Each structure stands twice: as C-alpha cells, then as structure tokens.
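Asker: Can you read through this structure? Questions will come right after.
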Amino acid sequence: MSDSSDSSQTPRNGEAAVEQPVATAQPQPTQPTHKPVLDADEMRRRRLAKIGGPTNQTVNAPQNSGISKTNTTTHPVAPVAKLGNIVLDPNYVGDTTPISPSPQAPFNSTAAPAFKVKASPRSKYSDTTLFQLAELVCGSKVVVEQTKMGQQHSFQQNPMRLHFNCLLFLFELNRSAAAKTSELKSDFQISQDSDLKQKIDLTSEIEKMASRYAVLNLAQYFNFEYQESVPNQSNSTLFLLLLERSDYCGFLVSLCSVISSEFVEETLAVVFTPLLNTLSYTVSVRNSVNDPIGQAAVDILVSLFEIQVTKPGASKPSKPIVDQMVKLASWLPPPLTLAEGRELQKLSFLGPFLSVSCLNDDDPLFATALVPKGLNDFKDIVLYKKIHQEIQNIRAKQFNIVYGLLINQATRSETLDLVSNFLTRNSKRAQMNPDATALATHGFMLNRPVERESDEDDQCGDGRVQEDATPKFNTECFFFTLFGTHLCFVPVIKHFTHVIRTYKQLKSVLQEAEKQQREAGQSNSFVETRLTEMKQQLDGFYRSAVTLGAVLSEENLLSDVMDLLLSMVSPNNSMTLFSKVETPELPLPSEVPKPFASFPSFVIEDISDFISCVVRHSPSTVAGDPVSSRSLVNFLVTFACSAHYISNPYLVAKIIEIIYYLNPAVQPSTVTLYQQIIDHKEAIIHFAPNLIQFYVAIESTGSSNEFYDKFSIRYHLTIIFMSMWSHPTHKASMVEALNSGGPFVRFVNLLINDTTFLLDESLECIKRIHETQKLMNDSQEWNKLSKEQQTAKKKKLQEDESQCRSYMTLVNETLNMFHYLTHDVQKPFLLPEIIGRLAAMLNCYLAQLVGPNYHELNIKNRDKYGFQPKLLLGNIIDLYLHLDSKELVEAIAADDRSYREEIFTNAEETLNRTGLKTVGEMEKFLKIASEAKQCYLNNIRMEEDFEDAPDHYRDPITQALMTDPVRLPSGKVMDRSVLTRILLDSAIDPFSRQPLSQESVEECPELKVEIENWKRNRRSNAQN
C-alpha cells in the first residue's frame, strides 16, 4: 500500500485532524504544488487512527529525530507501547460485537452460518487496514518483494491468495520481531519490565489477529469475486502457500488455536478439509519418488502431526488437524466394485500416501531413471544402496503418519478400522493365483508399517492375550501386523521368484529369435518390431526384478519383520509359541499348548518363507544378531524334530530348506549360525532320527506334485545328512538309528527307489541327447528335416538338457549318501527285503555303463550336464565292495533281469584300463564276481529241480518258492519277504487294496513245513 493512500489532507473515518510538519525538502521547480512530507511519527499516528487506535494521544518521537512532537491530548491516557514500526494502544480491548464485513470486503452469505463467533473476535480492523498493518510490520521494501513474489507465482490473479500471503508474512515477521524483543530475557526479567511485557502482549495480539483473518480467508468469508478457471481438487490456497515455506508449523498452530477458542467446531473442517483433500489428491497423481511436488505434499502431511493445541477447558493438548483426518468422507470409502482392495488403495485418504513405492510396477519413472539398460546383475550393490536410501526415507514418513494416527486417542479406533479393511479387502492375496488387478499393489502392501514397541504402556497395554478379555491396543496391532505380513511378504516373495523366472525364459527366447534372424540373413519388419517389443518387455522385467530384490533385501525392513516373526518363538515374549524357557525340551508334549494352538495356521509358513528368503538374500540380517540367532536356532531345531506338531508336511519341508540354506556348503557366511544348530543340545539327540523319519514321511503328502516335490526336499536332506556325517556325535546317532531297524528300514528302501528313478531318468535323457547330437552332426540327414522339424528337435534337446542337469545333480548327491552310509553301516542294507532290490539296481546300472550299449551314453560337454561316467562307475563299484557278503552275492546271482557274467568281465576291463581302483579293490571285486557266478549256476540247477513245484508253494507275485508263507486278511498266501518289500513302499494289501500291516498277517507253519519237506525230497531225488 503506497503512501498516497495515507497522505490525504481530509480526515477519514476515525482519523483526527493533525498538524502537518514542515517539509525539509525544497519543492521541485516543475511542481509548484506538492504534498507535504510527513515525519515518521505522524505517518504511524495516521495509520494507527485508520486501524482503530486512539487519535488524541501523544506519540513520542525518538530524541535524536529532530522532529517536533504533536500533542492534542486533553486528558491523561495510558502510555503507548512501541515496537519497531508499530504503535498500538495497550488499553484497547477490542470490539465485543460479532464479526461484520467491511465495505471493502463484501459479506459471503453462503459461508456465514458456519462462522458465528463464540467470543470477542477483536475484529475492529477491516481487511484494508490489515493490509496497512502488514505494511507497517513489513516495511515498504518487504511489501514490494512480496508483490514481486506474488507476480512470479501468479498470486496477483487471485486476490484471495494475495490476501492470505500478506497475512502469512505479517504473522512471520511479527513473530520474528517478538523473538528479538524478548531475546536474552528471562521470564522474570520480562515480568518486571512493564514496557517489554506490553510489547510482547502486543505482538501476541497481532499474531492472533492475523490468524483470525487467515481463518476467515480460508473459509471464504470475504468475497473476492474470483473463481478458479479450472476447478479441481488441487486448488487449496493453503497448500499452494505452504509449498513456498518450510517453517509454517507455528502459523498452523495459531490457526488451530484461534479456531478452537473463537469459532464453532465446524470451522476446522471447512478450513482444513480442502488442504487434506488436496494433499491426498496431489500424491495420487504425483506418486513418483522423483516428483518434488508429490513428496512435498507427503512432508506437509507428516508435519501436520506436530500441530497440537490446548482447547479451552482441556487439560491435555489435542491434534485438531489429525482429528479431522478420520472425519473425511474419503477416510474409509465403501466398496463400489469387486476390486475392493485396489479401490481402497486408490480412493481412501491414506491410500496414496502408503502407495509411494520404489517398485517398477508402482513407479516406472523412478525405476527407469535409476536402473540402466543392458545390465544382467540382479544384485547390483550400487543400485541397491540407492534404492535402499529411498526406501528408508519413504517408510520413515509412512510410519510417522500411521504411528501418529495410532497414538492419538481420538483417531485410534478409526485407524484400526481402516487397517482392518486394508487387510480384509486384500485377503485374497494369500490365494494361489489371485486377480492382481482387484487387489492392492505389492508396493502398497510392502509399505505397511511393521508393529513396533510403544513406550505409552498406559495407553497401549501390555499386549498379553487373555482368555475372555477384550484385546488391548498392542494385541490388535500385533495381530494386524501378523496378518499383514502374511498378505504382504509371502505373495511378494512368490512374485519375485516368478519375475526372475520369466525374465530368464524371455531372455532365452529373445536370444534364440535373434540367432534365427542372423541365420536367416534377411531382415523382416514384423520380426524387427517383435524383437523390439521383447527387448522392452525384458527391460521391464529386469527393472522389476532389481527393485523387488532391493526392497526384499533392505536390512531395516528385514530386521523389523524378523523381530516380529521370531518374537513368536522367543521365550521372552508373552505372546509366544513356547512356554517361557530358554531352550524347549524335546520331544514336545503330545498335547498342543494353547498359545501355539491360538496362533493362525499361516504363522509357521510365514516364518519359514520369510526366513528362507532372508537367508538366501541377506544372511547377515540373521547371522549378525545373537538374540535373533538364538530364537531362530530354537525354532528350527524344535520344529524340525517335531513334525507331528505341524499337519502340513510342506511346512516342515520349508524349515528343512532353511537349515539347508544355512549350510556352509551352500551359504559360507552362515557357518557360525549353522554350527549353533548342529551343536544344539537337543539337535544332537533328536536330529538324526527325526530327519530320517521325515525323509520317509515326505513320500506321500497328498499334493498333486508330491512325486516331484519329494526329490527337491530330499535333496536338501541329503546335504544336511552329509554335514552331520562329518560331526562325530551326529554320525553316531545316525548309525544307531539305521541299525535299530523298524521305520529306518523304509528309509533305506526309499533311498533305493529314489536312486533307481533318478538314474533311469538321467540316463534316458543322456541317450536322447546322444541321438540328437548325432543327428545334428550328420549334416546330410539334418538338412533333410524341415525347419519346423529342426526347431522341434532343438526345443526337445533343450528340455532334455535341462532335465538331465537337474536329475544328475540329485543322482550325484544320492549316490554320495549311499556311498558313505554303506561304508560304515551295512546291516540295514543286507536285510532280505532290501538286498535283493539293491543288488538288482547295482547290476542294472553297471550293465548300462560297461555293457554293449555303453556308447549310447557318449555325449559332448559331459560336464555341462554333471554327467561323470567314471565317477558314477567308481561309486557303483564301491557299493559292491562296501556290502561284500554272502547276502550280496546271493542277491546278485538271483537277479534274473540284469545279471550277466560278461558284465562283470567288461567292468574288470574298464577298471583296469582307467585305473579307477587299487589292486586290492580289484581283487575284492573279482572275488564277488566269481562267487556270484557260482551262485548263479547253483540257482539254475535248483530251478531245474523245483520247476514242477505246486502253484500253492510259489509266491503269487514273484513265482518263487516260498520260504516263510503268511496268510493275508484277504485270504491270499504269499512269502513274508515279498510282503515286507511291498509294505515298505505302501501299507496296502496288493490283492484287496485295503490297509495292511505286518501285524495283521497270519503265519502258515504247516505250509512252511510242507514246502521244506518237498524241497528236501526233490534234492534227495536229484542227488540219487
């Protein structure tokens, strides 16, 4: 406001006639008449008169001003306080009438009903005089700069914003002046200095006055006759102005304080609802981590949680803006479609703030800018560090938002309701193949704040679960977080695995397509377009894999979730799966404890899946924390040895998988943690027998993929067994378990089954690879095939190569376990129901390796497939040597299917040629071959003697003479050794298909004696 508005010679309303001081400057020749130059006191007096101050008072000019004083007073008045350029009467108490609009600011009747004043608004100043007061405080220079800033940001087009900007500057500069006034003064000094105290009181009054006008401005109390050209949700005046400043909390506190004390309750909603809606809308459309406006909106929301005021008559401060958030219509919108989870993320007030993510699917702009093209490393450390830094910044803000809502008593219940809806509306994320478009995104779910301990025990409770009691706040938060972890991390881990697998497959297809294009030697626009699209898809999958891997490996997140999950198996937690003991004693009681039974069924699965992911991608998170390590070790040992506590065998398999990944042979950095598991006092006693029993139990799980799943599970067990075998105490425990018979005999039988199947499949794959390689090497025959046939052959070759690598990996580890077990433990392998199948297996694969068709196993790049025929032959020969006994020799000779004398002759020649075995080992092997030959000849003669045996003397399955006949419940009679062998695979009657056990059969002693007498008579007749 210019001086011309204040220098009129005619007094205005409330302005007294004053004596004009003599101007000190000479008049210009071109201006014979000019306005007199007013001294500073006179200017302040006139402005004070305009804003309602007393005009018949003495204004004392500074002693060194050289300006004469003006005195028109006729009666004594209170001294006038002076602060900077402001001169106000401290005795002024203001008007007690309700707010009335000034002529310069027409009354907005539509907004009036919500703003009836409760107390004296002290509103004697009109908005035009408020601009003058702002000019007094700021000075002309600042006002000019303010105007320039307004022009730069187009505020001059909106009088409402310009008015509010002036108010905000008035508030800030007045507070700055007050701070300088009371600088270095104690409260006692201020109380003793009446002038200083008056000045401080005046600045406080100006602060409140600016806040009152700001409230009226935001509530559109004044009609500025201005409309936004394009109305939308982002036109909040307060938001646009807050973007310009970083220190606005004091002003917002003053606004809330004025509203709470002088306006009706609805005023708060009218003033701050546009701001809150604008913040949510801005983040929803500017949700990139790299968008400064969107991130500024998040920062503003976080800062609103610091605003608290004490309402009149209240004993504790409240947070009025935070209280207003849960009253928004968008706080918990009702579902409109079947896509309830995605709706709530997009339409709720908090949804956009919790959706800010670094994942490529949520923020492709950030991922594209950060992750360069052409990389193949999913674990780029530099990229991970950059992403981790952004993740920490995002989650710190999101945690402050949710935590601020939860610790605020007025918003706690509504916030828990919202969290509950976030979880329930996304509960389908736990399904196998959910519709991702109907559910919240992975980034939103990963941003869910993890429950942390609160210091406000009086508000939050102790978190104990009590029977017939209402859950306390900590209990609710704990189980919400537990359920949220289930819906969040397990699906994200599966999605991460899927993305990596898809990326590798797509990359392989792209490479093959580019190879075919090069071989064709000609360009095709359609092919080029398709290749370009595939490259773009490949880049997208790579960015997704990198960002997902970075998020899942962020140590703060992993540590928080790890603490949460392991707290359930920690003896120091009141909500625990165990009683409060440092180390659970095994075996666990047969009756499941109530704390364990009260937990959801997915808890063990989540612990297993998450820890497995952490061990693979960030082992230091577990290995570096001794408390977490101890809880983890107790958990793994307890449930690995207590499979009966978990109904789903795949959950036990996941626990075994964790122990496998902790093995130093797989993860060298976890050697200390693995050693704690091996040295655990309960593991030393219970590990070996329980793991062997689980090897047997996983044979049948009820799953459609159980046949193939069991091989990967047993592969993990074989690696664990090998490490245990090198530990003397565990080795002794394994030897004792295997020699005890009973259920451990079935372990040996399944070991034979697995080895037989894996060797069959791998050798068949190798034969098919041999045939395809042979065909491709013959260019004449290969060129006779059509392009489609060649492509099909190549595709089949790739499938065979992949299967061969997988099978040979399992074969090598299984045979290795066979090797070290038979070296020290022979008894279970020589049992009648075992040795026959074992000898048949050895004969079969010895024949394939050294028999007449061994050349079918000759392929290129054997190491590529893990096929080492010499090592395989050496292991098979060692098994013969380890089990050298009468039982083995008889079993070799009894193998009518594979035993041939020439096979052992070929094996001798191969061993001599390759030097695989020592002289002593060769002599021992030849001795076994010679004894087997002699036994085979004896069996032929015996078969000739017994060829006319009655049918009821023969086993109905093998047709061999029975030595120990037994009668089944179905009435059939068969040999006990054959039945025992069948029951090792399946406890079912082979004839009636009913459940069967050894205890349910009856011996047939009369038939046994009858067979023995018949055989004796036949031998006697043959000798005669």
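By order in the structure tokens, chains are A, B, ...; within a chain, residues start at 1; ligands start at 1, following the order shown.
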I want to know what sits within 9 Å of His730 in chain A, based on only C-alpha atoms, with residues of the same chain fewer than 3 positions away left out; could you give that as number ranges by chain?

Answerer: A: 678, 683-685, 687-688, 724-727, 733-735

Asker: Excluding Ile387 in chain A and residues on its chain fewer than 3 positions from it, collect all residues at most 8 Å away from it, counting only C-alpha atoms, and give them as a list in words.

Answerer: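 Answer for this query is Cys358, Leu383, Tyr384, Glu390, Ile391, Thr547, Ala550 and Val551 of chain A.
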
Asker: Hey, can you spit out that residue selection with N, CA and C atoms as an mmCIF file, in the first residue's frame?

Answerer:
data_model
loop_
_atom_site.group_PDB
_atom_site.id
_atom_site.type_symbol
_atom_site.label_atom_id
_atom_site.label_comp_id
_atom_site.auth_asym_id
_atom_site.auth_seq_id
_atom_site.Cartn_x
_atom_site.Cartn_y
_atom_site.Cartn_z
ATOM 1 N N CYS A 358 9.166 -47.749 -4.490
ATOM 2 C CA CYS A 358 10.284 -47.781 -5.427
ATOM 3 C C CYS A 358 10.160 -48.903 -6.445
ATOM 4 N N LEU A 383 23.201 -50.009 -7.094
ATOM 5 C CA LEU A 383 21.775 -49.748 -7.282
ATOM 6 C C LEU A 383 20.997 -50.029 -6.012
ATOM 7 N N TYR A 384 21.341 -51.123 -5.360
ATOM 8 C CA TYR A 384 20.630 -51.490 -4.131
ATOM 9 C C TYR A 384 20.776 -50.400 -3.075
ATOM 10 N N GLU A 390 16.177 -44.545 -0.679
ATOM 11 C CA GLU A 390 14.840 -44.040 -0.953
ATOM 12 C C GLU A 390 13.794 -44.781 -0.131
ATOM 13 N N ILE A 391 13.966 -46.091 -0.004
ATOM 14 C CA ILE A 391 13.011 -46.887 0.766
ATOM 15 C C ILE A 391 12.959 -46.414 2.211
ATOM 16 N N THR A 547 14.273 -53.889 -8.554
ATOM 17 C CA THR A 547 13.600 -53.133 -7.493
ATOM 18 C C THR A 547 12.987 -54.065 -6.442
ATOM 19 N N ALA A 550 15.827 -55.363 -4.359
ATOM 20 C CA ALA A 550 16.331 -54.328 -3.450
ATOM 21 C C ALA A 550 15.404 -54.135 -2.261
ATOM 22 N N VAL A 551 14.095 -54.124 -2.522
ATOM 23 C CA VAL A 551 13.131 -53.936 -1.431
ATOM 24 C C VAL A 551 13.183 -55.112 -0.463
#

Asker: Given the choices A:Ile982, A:Ala891, A:Leu849, A:Val614, which gets closest to Asn875 in chain A if the distance is worked out from only C-alpha atoms?

Answerer: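 Of A:Ile982, A:Ala891, A:Leu849, A:Val614, the one nearest Asn875 in chain A is A:Leu849, counting only C-alpha atoms.
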
Asker: Give me the residues near range 348-354 of chain A as a list in words, where near means some atom within 7 Å (using only C-alpha atoms) and where sequence neighbours in that chain fewer than 5 positions away do not count.

Answerer: Ser280, Val283, Ser284, Val298, Ser330, Trp331, Leu332, Pro333, Gln398, Phe444 and Asn447 of chain A

Asker: Which value, in Å to one decimal, gives the distance between CA of Gly540 in chain A and CA of Lys346 in chain A?

Answerer: 23.4 Å

Asker: Could you name the residues that touch Phe480 in chain A at 12 Å or less, counting only C-alpha atoms, but leaving out those on the same chain fewer than 3 positions away, as a ChimeraX atom specification?

Answerer: /A:415-424,448-451,471,473-477,483-488,564,600

Asker: Print the selection's residues with N, CA, C and O atoms to a file, as an mmCIF file, in the first residue's frame.

Answerer:
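Written file, part.cif:
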data_model
loop_
_atom_site.group_PDB
_atom_site.id
_atom_site.type_symbol
_atom_site.label_atom_id
_atom_site.label_comp_id
_atom_site.auth_asym_id
_atom_site.auth_seq_id
_atom_site.Cartn_x
_atom_site.Cartn_y
_atom_site.Cartn_z
ATOM 1 N N THR A 415 -8.496 -45.528 12.854
ATOM 2 C CA THR A 415 -7.307 -46.005 12.151
ATOM 3 C C THR A 415 -7.239 -47.526 12.156
ATOM 4 O O THR A 415 -6.906 -48.153 11.140
ATOM 5 N N LEU A 416 -7.571 -48.138 13.277
ATOM 6 C CA LEU A 416 -7.593 -49.603 13.331
ATOM 7 C C LEU A 416 -8.660 -50.165 12.399
ATOM 8 O O LEU A 416 -8.450 -51.208 11.767
ATOM 9 N N ASP A 417 -9.800 -49.474 12.302
ATOM 10 C CA ASP A 417 -10.829 -49.905 11.361
ATOM 11 C C ASP A 417 -10.306 -49.840 9.920
ATOM 12 O O ASP A 417 -10.577 -50.739 9.108
ATOM 13 N N LEU A 418 -9.586 -48.779 9.611
ATOM 14 C CA LEU A 418 -9.038 -48.639 8.267
ATOM 15 C C LEU A 418 -8.015 -49.733 7.977
ATOM 16 O O LEU A 418 -8.034 -50.351 6.902
ATOM 17 N N VAL A 419 -7.121 -49.983 8.934
ATOM 18 C CA VAL A 419 -6.123 -51.035 8.752
ATOM 19 C C VAL A 419 -6.807 -52.391 8.573
ATOM 20 O O VAL A 419 -6.409 -53.197 7.722
ATOM 21 N N SER A 420 -7.843 -52.622 9.372
ATOM 22 C CA SER A 420 -8.585 -53.871 9.252
ATOM 23 C C SER A 420 -9.184 -54.024 7.858
ATOM 24 O O SER A 420 -9.141 -55.104 7.255
ATOM 25 N N ASN A 421 -9.718 -52.954 7.312
ATOM 26 C CA ASN A 421 -10.279 -53.009 5.962
ATOM 27 C C ASN A 421 -9.194 -53.176 4.907
ATOM 28 O O ASN A 421 -9.407 -53.869 3.904
ATOM 29 N N PHE A 422 -8.045 -52.525 5.108
ATOM 30 C CA PHE A 422 -6.932 -52.739 4.189
ATOM 31 C C PHE A 422 -6.583 -54.224 4.097
ATOM 32 O O PHE A 422 -6.291 -54.746 3.020
ATOM 33 N N LEU A 423 -6.627 -54.909 5.218
ATOM 34 C CA LEU A 423 -6.236 -56.324 5.244
ATOM 35 C C LEU A 423 -7.352 -57.224 4.724
ATOM 36 O O LEU A 423 -7.109 -58.104 3.894
ATOM 37 N N THR A 424 -8.558 -57.028 5.222
ATOM 38 C CA THR A 424 -9.645 -57.918 4.829
ATOM 39 C C THR A 424 -9.997 -57.782 3.353
ATOM 40 O O THR A 424 -10.307 -58.778 2.690
ATOM 41 N N ARG A 448 3.386 -51.316 4.324
ATOM 42 C CA ARG A 448 2.634 -51.429 5.575
ATOM 43 C C ARG A 448 3.594 -51.364 6.753
ATOM 44 O O ARG A 448 4.505 -52.186 6.875
ATOM 45 N N PRO A 449 3.471 -50.382 7.634
ATOM 46 C CA PRO A 449 4.414 -50.247 8.750
ATOM 47 C C PRO A 449 4.381 -51.455 9.660
ATOM 48 O O PRO A 449 3.316 -51.972 9.987
ATOM 49 N N VAL A 450 5.559 -51.912 10.057
ATOM 50 C CA VAL A 450 5.672 -53.046 10.964
ATOM 51 C C VAL A 450 5.444 -52.584 12.391
ATOM 52 O O VAL A 450 5.909 -51.517 12.807
ATOM 53 N N GLU A 451 4.716 -53.369 13.145
ATOM 54 C CA GLU A 451 4.407 -53.022 14.543
ATOM 55 C C GLU A 451 5.695 -52.897 15.344
ATOM 56 O O GLU A 451 6.574 -53.743 15.275
ATOM 57 N N PRO A 471 -9.328 -57.622 23.647
ATOM 58 C CA PRO A 471 -7.936 -57.385 23.235
ATOM 59 C C PRO A 471 -7.544 -55.934 23.419
ATOM 60 O O PRO A 471 -8.312 -55.021 23.128
ATOM 61 N N PHE A 473 -4.777 -52.614 22.874
ATOM 62 C CA PHE A 473 -4.292 -51.943 21.671
ATOM 63 C C PHE A 473 -3.094 -52.660 21.071
ATOM 64 O O PHE A 473 -3.041 -52.919 19.870
ATOM 65 N N ASN A 474 -2.101 -53.007 21.902
ATOM 66 C CA ASN A 474 -0.917 -53.676 21.382
ATOM 67 C C ASN A 474 -1.273 -55.025 20.779
ATOM 68 O O ASN A 474 -0.667 -55.459 19.789
ATOM 69 N N THR A 475 -2.224 -55.718 21.383
ATOM 70 C CA THR A 475 -2.644 -57.013 20.854
ATOM 71 C C THR A 475 -3.238 -56.851 19.467
ATOM 72 O O THR A 475 -2.939 -57.620 18.546
ATOM 73 N N GLU A 476 -4.101 -55.849 19.297
ATOM 74 C CA GLU A 476 -4.691 -55.608 17.983
ATOM 75 C C GLU A 476 -3.615 -55.277 16.952
ATOM 76 O O GLU A 476 -3.606 -55.814 15.838
ATOM 77 N N CYS A 477 -2.710 -54.385 17.313
ATOM 78 C CA CYS A 477 -1.635 -54.009 16.392
ATOM 79 C C CYS A 477 -0.780 -55.223 16.035
ATOM 80 O O CYS A 477 -0.376 -55.406 14.882
ATOM 81 N N PHE A 483 -1.040 -60.524 10.383
ATOM 82 C CA PHE A 483 -1.844 -60.832 9.211
ATOM 83 C C PHE A 483 -1.346 -60.052 8.001
ATOM 84 O O PHE A 483 -1.323 -60.571 6.866
ATOM 85 N N GLY A 484 -0.940 -58.809 8.225
ATOM 86 C CA GLY A 484 -0.398 -58.017 7.130
ATOM 87 C C GLY A 484 0.877 -58.613 6.566
ATOM 88 O O GLY A 484 1.106 -58.604 5.351
ATOM 89 N N THR A 485 1.726 -59.148 7.430
ATOM 90 C CA THR A 485 2.941 -59.814 6.972
ATOM 91 C C THR A 485 2.602 -61.018 6.110
ATOM 92 O O THR A 485 3.253 -61.289 5.093
ATOM 93 N N HIS A 486 1.564 -61.743 6.504
ATOM 94 C CA HIS A 486 1.130 -62.908 5.729
ATOM 95 C C HIS A 486 0.654 -62.494 4.336
ATOM 96 O O HIS A 486 0.957 -63.171 3.345
ATOM 97 N N LEU A 487 -0.093 -61.400 4.256
ATOM 98 C CA LEU A 487 -0.622 -60.955 2.970
ATOM 99 C C LEU A 487 0.414 -60.219 2.148
ATOM 100 O O LEU A 487 0.206 -60.019 0.941
ATOM 101 N N CYS A 488 1.481 -59.809 2.764
ATOM 102 C CA CYS A 488 2.464 -58.966 2.084
ATOM 103 C C CYS A 488 3.658 -59.763 1.583
ATOM 104 O O CYS A 488 3.877 -59.890 0.381
ATOM 105 N N LEU A 564 9.622 -59.332 14.466
ATOM 106 C CA LEU A 564 8.211 -59.642 14.691
ATOM 107 C C LEU A 564 7.965 -61.144 14.652
ATOM 108 O O LEU A 564 7.326 -61.712 15.552
ATOM 109 N N PRO A 600 -2.710 -68.190 14.255
ATOM 110 C CA PRO A 600 -3.227 -68.591 12.938
ATOM 111 C C PRO A 600 -2.346 -69.658 12.302
ATOM 112 O O PRO A 600 -1.142 -69.744 12.575
#

Asker: Report as a short mmCIF file (atom, residue, chain, number, x, y, z; two decimals) with all heavy atoms, in the first residue's frame all protein, DNA and RNA residues lying within 7 Å of Cys249 in chain A, evaluated on only C-alpha atoms, omitting residues in the same chain fewer than 3 positions from it.

Answerer:
data_model
loop_
_atom_site.label_atom_id
_atom_site.label_comp_id
_atom_site.auth_asym_id
_atom_site.auth_seq_id
_atom_site.Cartn_x
_atom_site.Cartn_y
_atom_site.Cartn_z
N LEU A 252 0.26 -22.61 11.62
CA LEU A 252 -0.84 -23.56 11.69
C LEU A 252 -1.30 -23.77 13.13
O LEU A 252 -2.50 -23.95 13.39
CB LEU A 252 -0.43 -24.89 11.05
CG LEU A 252 -0.13 -24.85 9.56
CD1 LEU A 252 0.26 -26.24 9.06
CD2 LEU A 252 -1.33 -24.34 8.77
N VAL A 253 -0.36 -23.77 14.06
CA VAL A 253 -0.73 -23.88 15.47
C VAL A 253 -1.61 -22.70 15.88
O VAL A 253 -2.62 -22.86 16.57
CB VAL A 253 0.52 -23.96 16.36
CG1 VAL A 253 0.15 -23.82 17.84
CG2 VAL A 253 1.26 -25.28 16.14
N ILE A 307 1.23 -30.52 14.90
CA ILE A 307 0.38 -29.40 15.30
C ILE A 307 -0.54 -29.86 16.43
O ILE A 307 -1.36 -30.76 16.27
CB ILE A 307 -0.48 -28.91 14.12
CG1 ILE A 307 0.40 -28.64 12.89
CG2 ILE A 307 -1.26 -27.68 14.53
CD1 ILE A 307 1.49 -27.62 13.12
#

Asker: A:Leu510, A:Ile394, A:Phe263, A:Asn749: which is nearest Ser211 in chain A, counting only C-alpha atoms?

Answerer: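 That would be A:Phe263, the residue with the smallest distance to Ser211 in chain A.
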
Asker: Excluding range 800-817 of chain A and its own-chain neighbours fewer than 6 positions away, which residues fall within 6 Å of it when counting only C-alpha atoms? Please give them as a ChimeraX atom specification.

Answerer: /A:758,762,765,865-866

Asker: How many Å lie between CA of Val637 in chain A and CA of Val492 in chain A, rounded to one decimal?

Answerer: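 So the two atoms, CA of Val637 in chain A and CA of Val492 in chain A, lie 27.0 Å apart.
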